[in-house]
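This report refers to the structure that appears directly beneath it.
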Amino acid sequence: MQKVITRFAPSPTGKPHVGNIRTAIFAYLWAKHNKGHFLLRIEDTDQERLVPESLKYIEESLAWLGIDFDQEIIYQSKRKEIHQKYANDLLKSKRAYKCFCTKERLEKLRENQIKKKMPPGYDGLCRNLTKEELLAKKDASYVIRFKMPKNGVAKWDDKIRGEMKINFDISDDPIILKTDGFPTYHLASVVDDHELKITDVIRGEEWISSTPKHLALYEALGWQPPGFAHMPHINGPDGSKLSKRHGDTALLDYRAQGYLPEAIFNFLALLGWNDGTEKEIFEKKELIKSFNLKRIGKSPAVFDIKKLDWMNGHYIRNLTTEQLKNKIIKLLPGSKITKLKNLDRILEVEKTRLVVLCDIEKETDFYLDAPKYGAKLLIFKKSNKTDTLKGLTETLQYFEAERWPDTVKGLNLSLGNVAANHNLSNGDVFWPARVALSGLEKSPSPAELLWVLGKKESLKRIKKAINLLK
RNA sequence: GGCCCGUUCGUUUAAUGGUUAGGACGCCAGGUUUUCAUCCUGGUAACAGGGGUUCGAUUCCCCUACGGGCUACCA
């Protein structure tokens with residue numbers, strides 16, 4: 001049994017988006033599931049579209065998710081001579097030919113074909129040039145085109161889609177080597193996948209139509225083709241291809257928003273795949289163990305941010321306070337709240353309320369400074385001014401007289417005692433205490449707030465509330 | 001236009017030639033509760049349409065519709 005080797009082969013044209021990354025995840029999982037290798041290959045053969053920073057983004061994206069690749073990064077641009085060698089071999093074996101057609105001619109050709117409602121494509125003008133014609137052109141610049149078979153069918157057993165059959169003759173002769181000497185994707189990927197001994201090519205479904213070209217190339221080069229697995233796309237909520245107008249698409253944008261890599265990994269892995277059970281929360285280890293290409297669905301999936309939010313919250317709640325603290329400090333180094341002495345307690349209390357890490361900065365200013373609010377907010381809807389004032393005053397007196405229980409449970413009990421001792425309802429005590437401490441209509445419980453803020457600050461705020469109400 | 005791919009609750013998915021078509025997210029209701037969040041319980045909701053094949057089709061086949069992809073000296 002040969003070792004499974006997969007690869008992630010992005011072209012460096014920007015920040016990798018979630019669709020690409022999900023393909024990378026599947027390629028990674030498949031390799032690791034089989035105890036094989038996962039390679040990173042940069043498809044930088046198009047010098048015009050190259051965005052230098054994207055190399056950094058690609059590495060960062062993978063690193064953030066904990067997807068480590070084997071071997072050093074392979075840059076296709078550095079393998080130009082190898083690609084040229086194989087292009088020349090194909091020339092020698094007459095499986096390819098030099099094409100001298102200018103871009104202008106090709107453009108016109110296409111225009112005419114479209115006008116005549118014919119399928120656009122190269123007409124094969126240079127396919128059968130005579131020796132004399134060839135000699136006459138010797139100084140002209142040319143590309144190398146691969147001779148597609150004129151009959152027969154490309155057949156392969158797609159690991160995701162099953163038996164596939166496409167006629168060879170619907171493809172025109174593809175350019176495999178450009179005038180600038182760089183190969184096109186078709187040649188480069190075939191050559192590199194072969195030389196790197198890739199066993200399974202896992203890529204987007206947009207490649208289905210050109211797979212016949214690749215299969216023909218493998219045949220012409222005398223190579224055994226690898227297995228193919230064509231992934232369905234990820235769509236936006238309206239069903240169209242996921243794009244900027246649907247919100248963030250780049251993986252790193254999710255990091256910036258405070259999504260956890262574990263959650264994203266889990267979420268993306270489950271988009272189009274499941275293990276056949278009802279399990280949905282997976283650690284990476286478990287995914288590696290149970291992953292199988294066969295269980296990838298064929299239909300495109302919509303990226304549902306609501307479910308991601310739920311999953312992210314779930315992962316946050318499973319973090320220890322220490323872990324959560326470290327992640328927040330790392331993500332928001334400049335945040336004021338992370339400098340607070342009582343950050344541990346704040347996080348303990350806020351943990352169940354966070355959807356993304358950045359939420360720690362939302363509606364949490366009251367931890368920094370005493371809040372401002374209207375006196376009316378202090379009065380619970382089922383209470384009145386007199387009882388509220390009494391509740392607040394008795395709470396203050398209770399804590400001034402009694403020992404401060406430094407636990408949420410103890411503080412909660414204390415507040416209960418205040419209500420019971422003075423024949424007040426919970427709404428007369430708990431609600432105003434909470435508002436006095438947070439200034440918010442919706443917030444953590446008063447006991448939690450007392451515990452986080454401490455005796456001194458808490459009593460100060462309660463006094464302030466009493467004065468405000470008077 | 002040609003070729004190719006796809007179609008189960010709103011979303012993500014499961015299963016099956018005979019099931020009350022299952023789970024999760026969302027949503028709704030209830031419980032816990034001073035509020036919010038968490039948590040717990042329950043509910044809502046789907047086999048795109050039409051033909052076949054069959055005793056019986058969501059499941060197999062064909063057609064249609066809809067969605068998507070490819071049709072570059074981009075990947």
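Labeling convention for the structure tokens: chains A, B, ... as they appear, residues from 1 per chain, ligands from 1 in order of appearance.
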Within 6 Å of chain A, which residues of chain B show up when using only C-alpha atoms (C1' of nucleotides), listed as a ChimeraX atom specification?
/B:1-2,6,23,25,34-38,69-70,73
Expected file contents, prior selection, N, CA and C atoms (P, O5', C5', C4', C3', O3' and C1' of nucleotides), as a PDB file, in the first residue's frame:
ATOM      1  P     G B   1     -28.848  28.831 -23.357  1.00  0.00           P
ATOM      2  O5'   G B   1     -27.880  28.534 -24.610  1.00  0.00           O
ATOM      3  C5'   G B   1     -28.406  28.383 -25.916  1.00  0.00           C
ATOM      4  C4'   G B   1     -27.277  27.963 -26.808  1.00  0.00           C
ATOM      5  C3'   G B   1     -26.557  26.702 -26.358  1.00  0.00           C
ATOM      6  O3'   G B   1     -27.195  25.544 -26.870  1.00  0.00           O
ATOM      7  C1'   G B   1     -24.958  28.380 -26.768  1.00  0.00           C
ATOM      8  P     G B   2     -27.240  24.184 -26.031  1.00  0.00           P
ATOM      9  O5'   G B   2     -25.721  23.722 -26.040  1.00  0.00           O
ATOM     10  C5'   G B   2     -25.170  23.102 -27.205  1.00  0.00           C
ATOM     11  C4'   G B   2     -23.732  22.749 -26.933  1.00  0.00           C
ATOM     12  C3'   G B   2     -23.506  21.860 -25.729  1.00  0.00           C
ATOM     13  O3'   G B   2     -23.654  20.496 -26.071  1.00  0.00           O
ATOM     14  C1'   G B   2     -22.038  23.702 -25.603  1.00  0.00           C
ATOM     15  P     G B   6     -23.567  14.885  -9.645  1.00  0.00           P
ATOM     16  O5'   G B   6     -24.378  15.940  -8.767  1.00  0.00           O
ATOM     17  C5'   G B   6     -23.883  16.330  -7.505  1.00  0.00           C
ATOM     18  C4'   G B   6     -24.590  17.576  -7.041  1.00  0.00           C
ATOM     19  C3'   G B   6     -26.052  17.420  -6.679  1.00  0.00           C
ATOM     20  O3'   G B   6     -26.173  16.920  -5.361  1.00  0.00           O
ATOM     21  C1'   G B   6     -25.774  19.353  -7.995  1.00  0.00           C
ATOM     22  P     G B  23     -34.972  14.190  16.176  1.00  0.00           P
ATOM     23  O5'   G B  23     -33.431  14.576  16.112  1.00  0.00           O
ATOM     24  C5'   G B  23     -32.495  13.869  16.926  1.00  0.00           C
ATOM     25  C4'   G B  23     -31.096  14.295  16.577  1.00  0.00           C
ATOM     26  C3'   G B  23     -30.786  15.781  16.745  1.00  0.00           C
ATOM     27  O3'   G B  23     -30.522  16.101  18.100  1.00  0.00           O
ATOM     28  C1'   G B  23     -29.896  15.016  14.699  1.00  0.00           C
ATOM     29  P     C B  25     -28.412  22.685  18.956  1.00  0.00           P
ATOM     30  O5'   C B  25     -28.192  23.797  17.823  1.00  0.00           O
ATOM     31  C5'   C B  25     -26.902  24.348  17.606  1.00  0.00           C
ATOM     32  C4'   C B  25     -26.959  25.309  16.448  1.00  0.00           C
ATOM     33  C3'   C B  25     -28.029  26.397  16.562  1.00  0.00           C
ATOM     34  O3'   C B  25     -27.591  27.471  17.371  1.00  0.00           O
ATOM     35  C1'   C B  25     -28.094  25.452  14.401  1.00  0.00           C
ATOM     36  P     U B  34     -35.233  35.138  41.566  1.00  0.00           P
ATOM     37  O5'   U B  34     -35.324  36.350  40.546  1.00  0.00           O
ATOM     38  C5'   U B  34     -36.407  37.285  40.617  1.00  0.00           C
ATOM     39  C4'   U B  34     -36.003  38.558  39.950  1.00  0.00           C
ATOM     40  C3'   U B  34     -35.333  38.386  38.599  1.00  0.00           C
ATOM     41  O3'   U B  34     -36.282  38.224  37.565  1.00  0.00           O
ATOM     42  C1'   U B  34     -34.068  39.881  39.898  1.00  0.00           C
ATOM     43  P     U B  35     -35.938  37.395  36.306  1.00  0.00           P
ATOM     44  O5'   U B  35     -35.046  38.409  35.457  1.00  0.00           O
ATOM     45  C5'   U B  35     -35.636  39.590  34.903  1.00  0.00           C
ATOM     46  C4'   U B  35     -34.599  40.320  34.106  1.00  0.00           C
ATOM     47  C3'   U B  35     -33.873  39.507  33.054  1.00  0.00           C
ATOM     48  O3'   U B  35     -34.628  39.375  31.873  1.00  0.00           O
ATOM     49  C1'   U B  35     -32.316  40.799  34.249  1.00  0.00           C
ATOM     50  P     C B  36     -34.540  38.040  31.009  1.00  0.00           P
ATOM     51  O5'   C B  36     -33.060  38.086  30.447  1.00  0.00           O
ATOM     52  C5'   C B  36     -32.690  39.066  29.478  1.00  0.00           C
ATOM     53  C4'   C B  36     -31.213  39.020  29.257  1.00  0.00           C
ATOM     54  C3'   C B  36     -30.629  37.678  28.841  1.00  0.00           C
ATOM     55  O3'   C B  36     -30.853  37.403  27.473  1.00  0.00           O
ATOM     56  C1'   C B  36     -29.233  38.676  30.455  1.00  0.00           C
ATOM     57  P     A B  37     -31.059  35.873  27.007  1.00  0.00           P
ATOM     58  O5'   A B  37     -29.626  35.243  27.263  1.00  0.00           O
ATOM     59  C5'   A B  37     -28.526  35.606  26.433  1.00  0.00           C
ATOM     60  C4'   A B  37     -27.250  35.036  27.009  1.00  0.00           C
ATOM     61  C3'   A B  37     -27.192  33.530  27.166  1.00  0.00           C
ATOM     62  O3'   A B  37     -26.903  32.865  25.950  1.00  0.00           O
ATOM     63  C1'   A B  37     -26.380  34.539  29.121  1.00  0.00           C
ATOM     64  P     U B  38     -27.511  31.412  25.671  1.00  0.00           P
ATOM     65  O5'   U B  38     -26.815  30.516  26.788  1.00  0.00           O
ATOM     66  C5'   U B  38     -25.418  30.248  26.720  1.00  0.00           C
ATOM     67  C4'   U B  38     -24.981  29.542  27.977  1.00  0.00           C
ATOM     68  C3'   U B  38     -25.584  28.169  28.213  1.00  0.00           C
ATOM     69  O3'   U B  38     -24.897  27.179  27.462  1.00  0.00           O
ATOM     70  C1'   U B  38     -25.676  29.407  30.211  1.00  0.00           C
ATOM     71  P     G B  69     -20.808  29.879 -10.410  1.00  0.00           P
ATOM     72  O5'   G B  69     -19.924  28.700 -11.001  1.00  0.00           O
ATOM     73  C5'   G B  69     -18.975  28.036 -10.175  1.00  0.00           C
ATOM     74  C4'   G B  69     -18.406  26.861 -10.905  1.00  0.00           C
ATOM     75  C3'   G B  69     -17.705  27.176 -12.206  1.00  0.00           C
ATOM     76  O3'   G B  69     -16.382  27.610 -11.977  1.00  0.00           O
ATOM     77  C1'   G B  69     -19.127  25.330 -12.528  1.00  0.00           C
ATOM     78  P     C B  70     -15.736  28.657 -12.971  1.00  0.00           P
ATOM     79  O5'   C B  70     -15.410  27.760 -14.241  1.00  0.00           O
ATOM     80  C5'   C B  70     -14.472  26.699 -14.139  1.00  0.00           C
ATOM     81  C4'   C B  70     -14.485  25.913 -15.416  1.00  0.00           C
ATOM     82  C3'   C B  70     -14.279  26.732 -16.684  1.00  0.00           C
ATOM     83  O3'   C B  70     -12.905  26.982 -16.911  1.00  0.00           O
ATOM     84  C1'   C B  70     -16.084  25.249 -17.000  1.00  0.00           C
ATOM     85  P     C B  73      -5.847  31.799 -23.720  1.00  0.00           P
ATOM     86  O5'   C B  73      -4.373  31.898 -23.156  1.00  0.00           O
ATOM     87  C5'   C B  73      -3.722  30.809 -22.556  1.00  0.00           C
ATOM     88  C4'   C B  73      -2.533  31.342 -21.799  1.00  0.00           C
ATOM     89  C3'   C B  73      -2.842  32.736 -21.244  1.00  0.00           C
ATOM     90  O3'   C B  73      -2.796  32.757 -19.823  1.00  0.00           O
ATOM     91  C1'   C B  73      -0.891  32.761 -22.704  1.00  0.00           C
TER      92        C B  73
END
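Within 9 Å of A:Gln71, once only C-alpha atoms (C1' of nucleotides) are used and residues closer than 5 positions along the same chain are dropped, the contacting residues are His37, Phe38, Leu39 and Leu40 of chain A.
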Could you write those residues out with N, CA and C atoms, as an mmCIF file, in the first residue's frame?
data_model
loop_
_atom_site.group_PDB
_atom_site.id
_atom_site.type_symbol
_atom_site.label_atom_id
_atom_site.label_comp_id
_atom_site.auth_asym_id
_atom_site.auth_seq_id
_atom_site.Cartn_x
_atom_site.Cartn_y
_atom_site.Cartn_z
ATOM 1 N N HIS A 37 1.383 12.004 4.168
ATOM 2 C CA HIS A 37 1.932 13.346 4.166
ATOM 3 C C HIS A 37 0.977 14.357 3.552
ATOM 4 N N PHE A 38 1.099 15.570 4.067
ATOM 5 C CA PHE A 38 0.303 16.685 3.547
ATOM 6 C C PHE A 38 1.299 17.766 3.147
ATOM 7 N N LEU A 39 1.260 18.160 1.879
ATOM 8 C CA LEU A 39 2.237 19.128 1.385
ATOM 9 C C LEU A 39 1.594 20.471 1.061
ATOM 10 N N LEU A 40 2.402 21.489 1.123
ATOM 11 C CA LEU A 40 1.942 22.816 0.722
ATOM 12 C C LEU A 40 2.712 23.226 -0.529
#
Excluding B:U44 and residues on its chain fewer than 6 positions from it, collect all residues at most 12 Å away from it, counting only C-alpha atoms (C1' of nucleotides), and give them as a ChimeraX atom specification.
/B:9-10,26-29
Gap from atom CA of A:Ile73 to atom CA of A:Lys35 - Å, one decimal:
19.5 Å
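Picture a line from atom CA of A:Tyr122 to atom CA of A:Ile82; it runs 25.9 Å.
When only C-alpha atoms are used to measure the gap to A:Ser93, the shortest distance among A:Ala63, A:Leu221, A:Leu129, A:Ile198 belongs to A:Leu221.
Scanning stretch 398-432 of chain A with DSSP on the backbone, the helix (DSSP H, G or I) assignments fall on Tyr398, Phe399, Glu400, Ala401, Val408, Lys409, Gly410, Leu411, Asn412, Leu413, Ser414, Leu415, Gly416, Asn417, Val418, Ala419, Ala420, Asn421, Asn426, Gly427, Asp428, Val429, Phe430, Trp431 and Pro432 of chain A.
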Suppose we keep C-alpha atoms; can you now write the selection as a PDB file, in the first residue's frame?
ATOM      1  CA  TYR A 398     -25.778  44.398  55.642  1.00  0.00           C
ATOM      2  CA  PHE A 399     -22.408  44.342  53.948  1.00  0.00           C
ATOM      3  CA  GLU A 400     -21.045  47.077  56.185  1.00  0.00           C
ATOM      4  CA  ALA A 401     -21.987  45.048  59.251  1.00  0.00           C
ATOM      5  CA  VAL A 408     -20.648  34.119  44.219  1.00  0.00           C
ATOM      6  CA  LYS A 409     -22.676  31.595  46.157  1.00  0.00           C
ATOM      7  CA  GLY A 410     -22.088  33.332  49.479  1.00  0.00           C
ATOM      8  CA  LEU A 411     -22.878  36.743  48.105  1.00  0.00           C
ATOM      9  CA  ASN A 412     -26.052  35.422  46.580  1.00  0.00           C
ATOM     10  CA  LEU A 413     -27.054  34.064  49.937  1.00  0.00           C
ATOM     11  CA  SER A 414     -26.343  37.422  51.525  1.00  0.00           C
ATOM     12  CA  LEU A 415     -28.603  39.225  49.113  1.00  0.00           C
ATOM     13  CA  GLY A 416     -31.289  36.657  49.812  1.00  0.00           C
ATOM     14  CA  ASN A 417     -30.890  37.325  53.500  1.00  0.00           C
ATOM     15  CA  VAL A 418     -31.336  41.057  52.999  1.00  0.00           C
ATOM     16  CA  ALA A 419     -34.618  40.460  51.246  1.00  0.00           C
ATOM     17  CA  ALA A 420     -35.852  37.952  53.791  1.00  0.00           C
ATOM     18  CA  ASN A 421     -34.796  39.947  56.838  1.00  0.00           C
ATOM     19  CA  ASN A 426     -36.108  39.646  45.359  1.00  0.00           C
ATOM     20  CA  GLY A 427     -36.931  42.319  42.833  1.00  0.00           C
ATOM     21  CA  ASP A 428     -36.460  44.992  45.476  1.00  0.00           C
ATOM     22  CA  VAL A 429     -32.958  43.784  46.267  1.00  0.00           C
ATOM     23  CA  PHE A 430     -31.398  41.901  43.382  1.00  0.00           C
ATOM     24  CA  TRP A 431     -32.484  44.142  40.537  1.00  0.00           C
ATOM     25  CA  PRO A 432     -31.389  47.489  41.977  1.00  0.00           C
TER      26      PRO A 432
END
I'd like the neighbourhood of B:G18 as a PDB file with N, CA and C atoms (P, O5', C5', C4', C3', O3' and C1' of nucleotides), in the first residue's frame, where a residue qualifies if any of its atoms comes within 12 Å (using only C-alpha atoms (C1' of nucleotides)), though same-chain residues fewer than 4 positions away should be ignored.
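File part.pdb, as written:
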ATOM      1  P     U B  54     -42.860  -3.029 -13.785  1.00  0.00           P
ATOM      2  O5'   U B  54     -42.787  -3.185 -12.208  1.00  0.00           O
ATOM      3  C5'   U B  54     -41.693  -3.874 -11.603  1.00  0.00           C
ATOM      4  C4'   U B  54     -41.705  -3.628 -10.112  1.00  0.00           C
ATOM      5  C3'   U B  54     -43.068  -3.824  -9.449  1.00  0.00           C
ATOM      6  O3'   U B  54     -43.318  -5.195  -9.178  1.00  0.00           O
ATOM      7  C1'   U B  54     -42.099  -1.793  -8.697  1.00  0.00           C
ATOM      8  P     C B  55     -44.809  -5.721  -9.449  1.00  0.00           P
ATOM      9  O5'   C B  55     -45.645  -5.057  -8.266  1.00  0.00           O
ATOM     10  C5'   C B  55     -47.085  -5.091  -8.315  1.00  0.00           C
ATOM     11  C4'   C B  55     -47.639  -4.574  -7.009  1.00  0.00           C
ATOM     12  C3'   C B  55     -47.025  -3.256  -6.526  1.00  0.00           C
ATOM     13  O3'   C B  55     -47.684  -2.153  -7.110  1.00  0.00           O
ATOM     14  C1'   C B  55     -47.032  -4.815  -4.751  1.00  0.00           C
ATOM     15  P     G B  56     -46.864  -0.941  -7.656  1.00  0.00           P
ATOM     16  O5'   G B  56     -46.236  -0.324  -6.325  1.00  0.00           O
ATOM     17  C5'   G B  56     -47.065   0.425  -5.439  1.00  0.00           C
ATOM     18  C4'   G B  56     -46.343   0.726  -4.153  1.00  0.00           C
ATOM     19  C3'   G B  56     -45.048   1.500  -4.300  1.00  0.00           C
ATOM     20  O3'   G B  56     -45.288   2.881  -4.422  1.00  0.00           O
ATOM     21  C1'   G B  56     -44.697  -0.312  -2.847  1.00  0.00           C
ATOM     22  P     A B  57     -44.894   3.598  -5.770  1.00  0.00           P
ATOM     23  O5'   A B  57     -44.821   5.105  -5.266  1.00  0.00           O
ATOM     24  C5'   A B  57     -43.679   5.823  -5.631  1.00  0.00           C
ATOM     25  C4'   A B  57     -42.759   5.924  -4.422  1.00  0.00           C
ATOM     26  C3'   A B  57     -41.701   6.982  -4.673  1.00  0.00           C
ATOM     27  O3'   A B  57     -42.108   8.253  -4.156  1.00  0.00           O
ATOM     28  C1'   A B  57     -40.696   4.847  -4.178  1.00  0.00           C
ATOM     29  P     U B  59     -37.163   8.751  -5.360  1.00  0.00           P
ATOM     30  O5'   U B  59     -35.944   8.004  -4.634  1.00  0.00           O
ATOM     31  C5'   U B  59     -34.707   8.682  -4.426  1.00  0.00           C
ATOM     32  C4'   U B  59     -33.780   7.805  -3.611  1.00  0.00           C
ATOM     33  C3'   U B  59     -33.432   6.489  -4.309  1.00  0.00           C
ATOM     34  O3'   U B  59     -32.047   6.222  -4.199  1.00  0.00           O
ATOM     35  C1'   U B  59     -34.436   6.067  -2.188  1.00  0.00           C
TER      36        U B  59
END
Grab the atom CA of A:Val190 to atom CA of A:Tyr97 distance for me, in Å with one decimal place.
17.9 Å
List the spatial neighbours of A:Asn266 as an MDAnalysis selection string - criterion: any atom at most 8 Å away, only C-alpha atoms (C1' of nucleotides), same-chain residues fewer than 5 positions off excluded.
chainID A and resid 281:284
For B:C40, work out the shell of residues within 12 Å, counting only C-alpha atoms (C1' of nucleotides) and skipping chain neighbours fewer than 6 positions away, then give it as a list in words.
G30, G31 and U32 of chain B
Nearest residue to A:Lys372 from the set A:Pro16, A:Gly391, A:Gly66, A:Gly439 (distances using only C-alpha atoms)
A:Gly439
